[in-house]
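A.B. asks: One file: final_22.pdb (PDB, N, CA, C and O atoms).
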```
ATOM      1  N   MET Z   1     -22.044  17.047 -37.560
ATOM      2  CA  MET Z   1     -21.658  15.665 -37.401
ATOM      3  C   MET Z   1     -20.207  15.554 -36.964
ATOM      4  O   MET Z   1     -19.859  14.753 -36.121
ATOM      5  N   LEU Z   2     -19.334  16.360 -37.569
ATOM      6  CA  LEU Z   2     -17.917  16.315 -37.206
ATOM      7  C   LEU Z   2     -17.696  16.799 -35.777
ATOM      8  O   LEU Z   2     -16.811  16.303 -35.086
ATOM      9  N   GLY Z   3     -18.489  17.750 -35.351
ATOM     10  CA  GLY Z   3     -18.364  18.260 -33.985
ATOM     11  C   GLY Z   3     -18.699  17.190 -32.959
ATOM     12  O   GLY Z   3     -18.048  17.081 -31.923
ATOM     13  N   ILE Z   4     -19.728  16.402 -33.243
ATOM     14  CA  ILE Z   4     -20.132  15.332 -32.330
ATOM     15  C   ILE Z   4     -19.043  14.272 -32.249
ATOM     16  O   ILE Z   4     -18.709  13.779 -31.169
ATOM     17  N   ARG Z   5     -18.449  13.928 -33.386
ATOM     18  CA  ARG Z   5     -17.377  12.925 -33.397
ATOM     19  C   ARG Z   5     -16.174  13.395 -32.590
ATOM     20  O   ARG Z   5     -15.566  12.628 -31.843
ATOM     21  N   SER Z   6     -15.813  14.656 -32.723
ATOM     22  CA  SER Z   6     -14.647  15.165 -31.987
ATOM     23  C   SER Z   6     -14.920  15.190 -30.480
ATOM     24  O   SER Z   6     -14.042  14.890 -29.671
ATOM     25  N   VAL Z   7     -16.161  15.528 -30.097
ATOM     26  CA  VAL Z   7     -16.512  15.526 -28.675
ATOM     27  C   VAL Z   7     -16.470  14.102 -28.131
ATOM     28  O   VAL Z   7     -15.944  13.849 -27.044
ATOM     29  N   LEU Z   8     -17.038  13.143 -28.876
ATOM     30  CA  LEU Z   8     -17.025  11.751 -28.426
ATOM     31  C   LEU Z   8     -15.604  11.209 -28.343
ATOM     32  O   LEU Z   8     -15.258  10.479 -27.423
ATOM     33  N   LYS Z   9     -14.769  11.587 -29.308
ATOM     34  CA  LYS Z   9     -13.393  11.117 -29.321
ATOM     35  C   LYS Z   9     -12.628  11.664 -28.115
ATOM     36  O   LYS Z   9     -11.898  10.936 -27.445
ATOM     37  N   SER Z  10     -12.822  12.944 -27.803
ATOM     38  CA  SER Z  10     -12.118  13.525 -26.661
ATOM     39  C   SER Z  10     -12.629  12.935 -25.349
ATOM     40  O   SER Z  10     -11.862  12.738 -24.410
ATOM     41  N   ASN Z  11     -13.930  12.629 -25.267
ATOM     42  CA  ASN Z  11     -14.479  12.032 -24.053
ATOM     43  C   ASN Z  11     -13.920  10.629 -23.834
ATOM     44  O   ASN Z  11     -13.629  10.248 -22.696
ATOM     45  N   THR Z  12     -13.793   9.851 -24.889
ATOM     46  CA  THR Z  12     -13.259   8.496 -24.715
ATOM     47  C   THR Z  12     -11.795   8.553 -24.286
ATOM     48  O   THR Z  12     -11.350   7.730 -23.491
ATOM     49  N   GLN Z  13     -11.040   9.535 -24.763
ATOM     50  CA  GLN Z  13      -9.651   9.672 -24.334
ATOM     51  C   GLN Z  13      -9.584  10.060 -22.859
ATOM     52  O   GLN Z  13      -8.740   9.567 -22.122
ATOM     53  N   LEU Z  14     -10.480  10.924 -22.421
ATOM     54  CA  LEU Z  14     -10.510  11.301 -21.013
ATOM     55  C   LEU Z  14     -10.859  10.118 -20.129
ATOM     56  O   LEU Z  14     -10.283   9.933 -19.064
ATOM     57  N   ILE Z  15     -11.804   9.307 -20.552
ATOM     58  CA  ILE Z  15     -12.200   8.139 -19.775
ATOM     59  C   ILE Z  15     -11.059   7.133 -19.695
ATOM     60  O   ILE Z  15     -10.785   6.569 -18.640
ATOM     61  N   LYS Z  16     -10.361   6.935 -20.804
ATOM     62  CA  LYS Z  16      -9.231   5.999 -20.795
ATOM     63  C   LYS Z  16      -8.120   6.495 -19.878
ATOM     64  O   LYS Z  16      -7.480   5.708 -19.200
ATOM     65  N   ASN Z  17      -7.884   7.795 -19.845
ATOM     66  CA  ASN Z  17      -6.847   8.345 -18.984
ATOM     67  C   ASN Z  17      -7.255   8.350 -17.517
ATOM     68  O   ASN Z  17      -6.403   8.353 -16.640
ATOM     69  N   ALA Z  18      -8.546   8.363 -17.236
ATOM     70  CA  ALA Z  18      -9.021   8.411 -15.860
ATOM     71  C   ALA Z  18      -8.887   7.056 -15.174
ATOM     72  O   ALA Z  18      -8.736   6.989 -13.961
ATOM     73  N   VAL Z  19      -8.938   5.983 -15.931
ATOM     74  CA  VAL Z  19      -8.831   4.648 -15.349
ATOM     75  C   VAL Z  19      -7.355   4.363 -15.101
ATOM     76  O   VAL Z  19      -6.537   4.413 -16.006
ATOM     77  N   VAL Z  20      -7.034   4.066 -13.835
ATOM     78  CA  VAL Z  20      -5.644   3.818 -13.469
ATOM     79  C   VAL Z  20      -5.430   2.313 -13.385
ATOM     80  O   VAL Z  20      -6.181   1.601 -12.726
ATOM     81  N   GLN Z  21      -4.419   1.845 -14.078
ATOM     82  CA  GLN Z  21      -4.089   0.428 -14.020
ATOM     83  C   GLN Z  21      -2.812   0.283 -13.218
ATOM     84  O   GLN Z  21      -1.843   1.007 -13.429
ATOM     85  N   ARG Z  22      -2.824  -0.680 -12.295
ATOM     86  CA  ARG Z  22      -1.645  -0.933 -11.482
ATOM     87  C   ARG Z  22      -0.995  -2.218 -11.959
ATOM     88  O   ARG Z  22      -1.635  -3.259 -12.025
ATOM     89  N   ASN Z  23       0.244  -2.122 -12.285
ATOM     90  CA  ASN Z  23       1.004  -3.301 -12.667
ATOM     91  C   ASN Z  23       1.832  -3.733 -11.470
ATOM     92  O   ASN Z  23       2.741  -3.037 -11.037
ATOM     93  N   MET Z  24       1.494  -4.885 -10.918
ATOM     94  CA  MET Z  24       2.183  -5.361  -9.730
ATOM     95  C   MET Z  24       2.935  -6.640 -10.056
ATOM     96  O   MET Z  24       2.464  -7.473 -10.815
ATOM     97  N   SER Z  25       4.077  -6.750  -9.463
ATOM     98  CA  SER Z  25       4.840  -7.976  -9.604
ATOM     99  C   SER Z  25       5.422  -8.339  -8.246
ATOM    100  O   SER Z  25       5.487  -7.525  -7.337
ATOM    101  N   GLY Z  26       5.888  -9.535  -8.116
ATOM    102  CA  GLY Z  26       6.466  -9.991  -6.869
ATOM    103  C   GLY Z  26       7.928  -9.639  -6.739
ATOM    104  O   GLY Z  26       8.544  -9.894  -5.707
ATOM    105  N   LEU Z  27       8.486  -9.020  -7.752
ATOM    106  CA  LEU Z  27       9.908  -8.703  -7.720
ATOM    107  C   LEU Z  27      10.137  -7.347  -7.075
ATOM    108  O   LEU Z  27       9.381  -6.407  -7.272
ATOM    109  N   SER Z  28      11.198  -7.257  -6.318
ATOM    110  CA  SER Z  28      11.549  -6.012  -5.657
ATOM    111  C   SER Z  28      12.991  -5.664  -6.009
ATOM    112  O   SER Z  28      13.836  -6.536  -6.143
ATOM    113  N   THR Z  29      13.244  -4.390  -6.141
ATOM    114  CA  THR Z  29      14.601  -3.953  -6.459
ATOM    115  C   THR Z  29      15.112  -3.067  -5.331
ATOM    116  O   THR Z  29      14.320  -2.485  -4.588
ATOM    117  N   PRO Z  30      16.408  -2.934  -5.194
ATOM    118  CA  PRO Z  30      16.955  -2.042  -4.168
ATOM    119  C   PRO Z  30      16.568  -0.586  -4.434
ATOM    120  O   PRO Z  30      16.227  -0.220  -5.555
ATOM    121  N   ALA Z  31      16.643   0.203  -3.408
ATOM    122  CA  ALA Z  31      16.302   1.621  -3.537
ATOM    123  C   ALA Z  31      17.262   2.292  -4.511
ATOM    124  O   ALA Z  31      18.443   1.976  -4.559
ATOM    125  N   ARG Z  32      16.750   3.231  -5.263
ATOM    126  CA  ARG Z  32      17.600   3.942  -6.223
ATOM    127  C   ARG Z  32      18.477   4.965  -5.521
ATOM    128  O   ARG Z  32      19.636   5.155  -5.871
ATOM    129  N   ASN Z  33      17.901   5.646  -4.523
ATOM    130  CA  ASN Z  33      18.656   6.649  -3.768
ATOM    131  C   ASN Z  33      18.746   6.178  -2.326
ATOM    132  O   ASN Z  33      17.724   5.979  -1.668
ATOM    133  N   LYS Z  34      19.950   6.047  -1.832
ATOM    134  CA  LYS Z  34      20.143   5.595  -0.459
ATOM    135  C   LYS Z  34      19.803   6.732   0.502
ATOM    136  O   LYS Z  34      20.161   7.885   0.274
ATOM    137  N   VAL Z  35      19.112   6.404   1.575
ATOM    138  CA  VAL Z  35      18.731   7.391   2.579
ATOM    139  C   VAL Z  35      19.965   7.695   3.424
ATOM    140  O   VAL Z  35      20.668   6.782   3.858
ATOM    141  N   THR Z  36      20.217   8.973   3.652
ATOM    142  CA  THR Z  36      21.392   9.339   4.436
ATOM    143  C   THR Z  36      21.218   8.945   5.892
ATOM    144  O   THR Z  36      20.105   8.774   6.391
ATOM    145  N   ARG Z  37      22.342   8.794   6.576
ATOM    146  CA  ARG Z  37      22.318   8.371   7.973
ATOM    147  C   ARG Z  37      21.596   9.387   8.852
ATOM    148  O   ARG Z  37      20.817   9.025   9.731
ATOM    149  N   GLY Z  38      21.826  10.674   8.611
ATOM    150  CA  GLY Z  38      21.158  11.704   9.401
ATOM    151  C   GLY Z  38      19.651  11.688   9.220
ATOM    152  O   GLY Z  38      18.894  11.829  10.185
ATOM    153  N   GLU Z  39      19.207  11.505   7.986
ATOM    154  CA  GLU Z  39      17.769  11.436   7.714
ATOM    155  C   GLU Z  39      17.153  10.197   8.356
ATOM    156  O   GLU Z  39      16.058  10.254   8.919
ATOM    157  N   LEU Z  40      17.875   9.086   8.314
ATOM    158  CA  LEU Z  40      17.401   7.849   8.935
ATOM    159  C   LEU Z  40      17.258   8.011  10.444
ATOM    160  O   LEU Z  40      16.251   7.605  11.033
ATOM    161  N   ILE Z  41      18.250   8.624  11.072
ATOM    162  CA  ILE Z  41      18.195   8.842  12.522
ATOM    163  C   ILE Z  41      17.057   9.794  12.871
ATOM    164  O   ILE Z  41      16.297   9.554  13.819
ATOM    165  N   PHE Z  42      16.904  10.867  12.117
ATOM    166  CA  PHE Z  42      15.843  11.834  12.391
ATOM    167  C   PHE Z  42      14.456  11.196  12.261
ATOM    168  O   PHE Z  42      13.608  11.340  13.142
ATOM    169  N   LEU Z  43      14.224  10.486  11.154
ATOM    170  CA  LEU Z  43      12.905   9.886  10.937
ATOM    171  C   LEU Z  43      12.614   8.772  11.933
ATOM    172  O   LEU Z  43      11.481   8.627  12.402
ATOM    173  N   SER Z  44      13.628   7.984  12.274
ATOM    174  CA  SER Z  44      13.432   6.924  13.271
ATOM    175  C   SER Z  44      13.106   7.525  14.631
ATOM    176  O   SER Z  44      12.220   7.042  15.342
ATOM    177  N   GLY Z  45      13.825   8.583  14.998
ATOM    178  CA  GLY Z  45      13.540   9.252  16.267
ATOM    179  C   GLY Z  45      12.153   9.855  16.301
ATOM    180  O   GLY Z  45      11.454   9.779  17.315
ATOM    181  N   LEU Z  46      11.739  10.429  15.184
ATOM    182  CA  LEU Z  46      10.395  11.002  15.096
ATOM    183  C   LEU Z  46       9.317   9.924  15.266
ATOM    184  O   LEU Z  46       8.319  10.134  15.958
ATOM    185  N   MET Z  47       9.542   8.763  14.665
ATOM    186  CA  MET Z  47       8.576   7.660  14.813
ATOM    187  C   MET Z  47       8.513   7.179  16.258
ATOM    188  O   MET Z  47       7.426   6.954  16.802
ATOM    189  N   VAL Z  48       9.675   7.017  16.903
ATOM    190  CA  VAL Z  48       9.696   6.535  18.287
ATOM    191  C   VAL Z  48       9.005   7.530  19.211
ATOM    192  O   VAL Z  48       8.206   7.138  20.070
ATOM    193  N   VAL Z  49       9.292   8.812  19.030
ATOM    194  CA  VAL Z  49       8.654   9.834  19.869
ATOM    195  C   VAL Z  49       7.149   9.846  19.650
ATOM    196  O   VAL Z  49       6.368   9.926  20.605
ATOM    197  N   SER Z  50       6.714   9.715  18.418
ATOM    198  CA  SER Z  50       5.270   9.737  18.154
ATOM    199  C   SER Z  50       4.591   8.488  18.709
ATOM    200  O   SER Z  50       3.460   8.554  19.175
ATOM    201  N   TRP Z  51       5.258   7.338  18.661
ATOM    202  CA  TRP Z  51       4.660   6.115  19.201
ATOM    203  C   TRP Z  51       4.581   6.142  20.726
ATOM    204  O   TRP Z  51       3.649   5.613  21.313
ATOM    205  N   LEU Z  52       5.561   6.754  21.370
ATOM    206  CA  LEU Z  52       5.618   6.717  22.826
ATOM    207  C   LEU Z  52       4.995   7.925  23.501
ATOM    208  O   LEU Z  52       4.891   7.951  24.725
ATOM    209  N   SER Z  53       4.578   8.925  22.756
ATOM    210  CA  SER Z  53       4.073  10.150  23.379
ATOM    211  C   SER Z  53       2.760   9.921  24.131
ATOM    212  O   SER Z  53       2.613  10.397  25.259
ATOM    213  N   ILE Z  54       1.825   9.194  23.552
ATOM    214  CA  ILE Z  54       0.532   8.972  24.230
ATOM    215  C   ILE Z  54       0.692   8.074  25.453
ATOM    216  O   ILE Z  54       0.182   8.416  26.531
ATOM    217  N   PRO Z  55       1.395   6.930  25.371
ATOM    218  CA  PRO Z  55       1.594   6.145  26.599
ATOM    219  C   PRO Z  55       2.343   6.918  27.687
ATOM    220  O   PRO Z  55       2.020   6.799  28.868
ATOM    221  N   ALA Z  56       3.315   7.730  27.308
ATOM    222  CA  ALA Z  56       4.034   8.524  28.301
ATOM    223  C   ALA Z  56       3.104   9.546  28.949
ATOM    224  O   ALA Z  56       3.153   9.742  30.170
ATOM    225  N   TYR Z  57       2.251  10.178  28.174
ATOM    226  CA  TYR Z  57       1.304  11.153  28.720
ATOM    227  C   TYR Z  57       0.351  10.473  29.705
ATOM    228  O   TYR Z  57       0.053  11.019  30.769
ATOM    229  N   VAL Z  58      -0.116   9.290  29.353
ATOM    230  CA  VAL Z  58      -1.033   8.573  30.242
ATOM    231  C   VAL Z  58      -0.323   8.186  31.539
ATOM    232  O   VAL Z  58      -0.884   8.325  32.626
ATOM    233  N   LEU Z  59       0.921   7.705  31.439
ATOM    234  CA  LEU Z  59       1.650   7.316  32.645
ATOM    235  C   LEU Z  59       1.950   8.517  33.539
ATOM    236  O   LEU Z  59       1.903   8.406  34.765
ATOM    237  N   VAL Z  60       2.234   9.650  32.956
ATOM    238  CA  VAL Z  60       2.502  10.842  33.757
ATOM    239  C   VAL Z  60       1.235  11.311  34.457
ATOM    240  O   VAL Z  60       1.267  11.760  35.607
ATOM    241  N   ASN Z  61       0.092  11.182  33.801
ATOM    242  CA  ASN Z  61      -1.173  11.676  34.349
ATOM    243  C   ASN Z  61      -2.074  10.552  34.851
ATOM    244  O   ASN Z  61      -3.290  10.728  34.908
ATOM    245  N   ILE Z  62      -1.495   9.421  35.267
ATOM    246  CA  ILE Z  62      -2.320   8.278  35.679
ATOM    247  C   ILE Z  62      -3.154   8.612  36.916
ATOM    248  O   ILE Z  62      -4.270   8.134  37.064
ATOM    249  N   LYS Z  63      -2.622   9.453  37.782
ATOM    250  CA  LYS Z  63      -3.387   9.804  38.989
ATOM    251  C   LYS Z  63      -4.640  10.599  38.639
ATOM    252  O   LYS Z  63      -5.629  10.551  39.354
ATOM    253  N   ASN Z  64      -4.632  11.325  37.520
ATOM    254  CA  ASN Z  64      -5.813  12.075  37.108
ATOM    255  C   ASN Z  64      -6.875  11.163  36.485
ATOM    256  O   ASN Z  64      -8.039  11.530  36.433
ATOM    257  N   TYR Z  65      -6.477   9.990  36.028
ATOM    258  CA  TYR Z  65      -7.431   9.056  35.428
ATOM    259  C   TYR Z  65      -8.159   8.224  36.464
ATOM    260  O   TYR Z  65      -9.222   7.684  36.199
ATOM    261  N   ARG Z  66      -7.548   8.063  37.630
ATOM    262  CA  ARG Z  66      -8.189   7.265  38.689
ATOM    263  C   ARG Z  66      -9.324   8.065  39.312
ATOM    264  O   ARG Z  66      -9.314   9.295  39.363
ATOM    265  N   GLU Z  67     -10.288   7.328  39.840
ATOM    266  CA  GLU Z  67     -11.431   8.004  40.440
ATOM    267  C   GLU Z  67     -11.003   8.623  41.772
ATOM    268  O   GLU Z  67     -10.243   8.048  42.529
ATOM    269  N   LYS Z  68     -11.512   9.804  42.043
ATOM    270  CA  LYS Z  68     -11.237  10.486  43.305
ATOM    271  C   LYS Z  68     -12.314  10.092  44.299
ATOM    272  O   LYS Z  68     -13.492  10.202  44.037
ATOM    273  N   ASN Z  69     -11.898   9.639  45.483
ATOM    274  CA  ASN Z  69     -12.865   9.242  46.525
ATOM    275  C   ASN Z  69     -12.991  10.327  47.547
ATOM    276  O   ASN Z  69     -12.198  10.933  48.058
TER     277      ASN Z  69
END
```
Take the structure in this file and express it as structure tokens.
C.D. replies:
Amino acid sequence: MLGIRSVLKSNTQLIKNAVVQRNMSGLSTPARNKVTRGELIFLSGLMVVSWLSIPAYVLVNIKNYREKN
């Protein structure tokens, strides 16, 4: 009987820990750690290059996309 109770007790604790509750509020606070200027420039440049790489590839190879007569 005691073994069954301990198993049930441990299972209920696992189930309670598995359920994630999100506490959301409308308030926002400033960042705790400021992003360095070099990191900001690097990440911004990486985003711009990734956004423009596909359109640039298409524009460079536009003649290959047109039908050949």
A.B. asks: For atom C of Asn61 in chain Z and atom N of Phe42 in chain Z, quote the distance in Å rounded to one decimal.
C.D. replies: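 Between atom C of Asn61 in chain Z and atom N of Phe42 in chain Z the gap is 29.6 Å.
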A.B. asks: To one decimal place in Å, what is the distance between CA of Val58 in chain Z and atom O of Ile41 in chain Z?
C.D. replies: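 Separation of CA of Val58 in chain Z and atom O of Ile41 in chain Z: 23.9 Å.
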A.B. asks: So how far away is CA of Gly45 in chain Z from CA of Tyr57 in chain Z, in Å?
C.D. replies: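 CA of Gly45 in chain Z lies 17.6 Å from CA of Tyr57 in chain Z.
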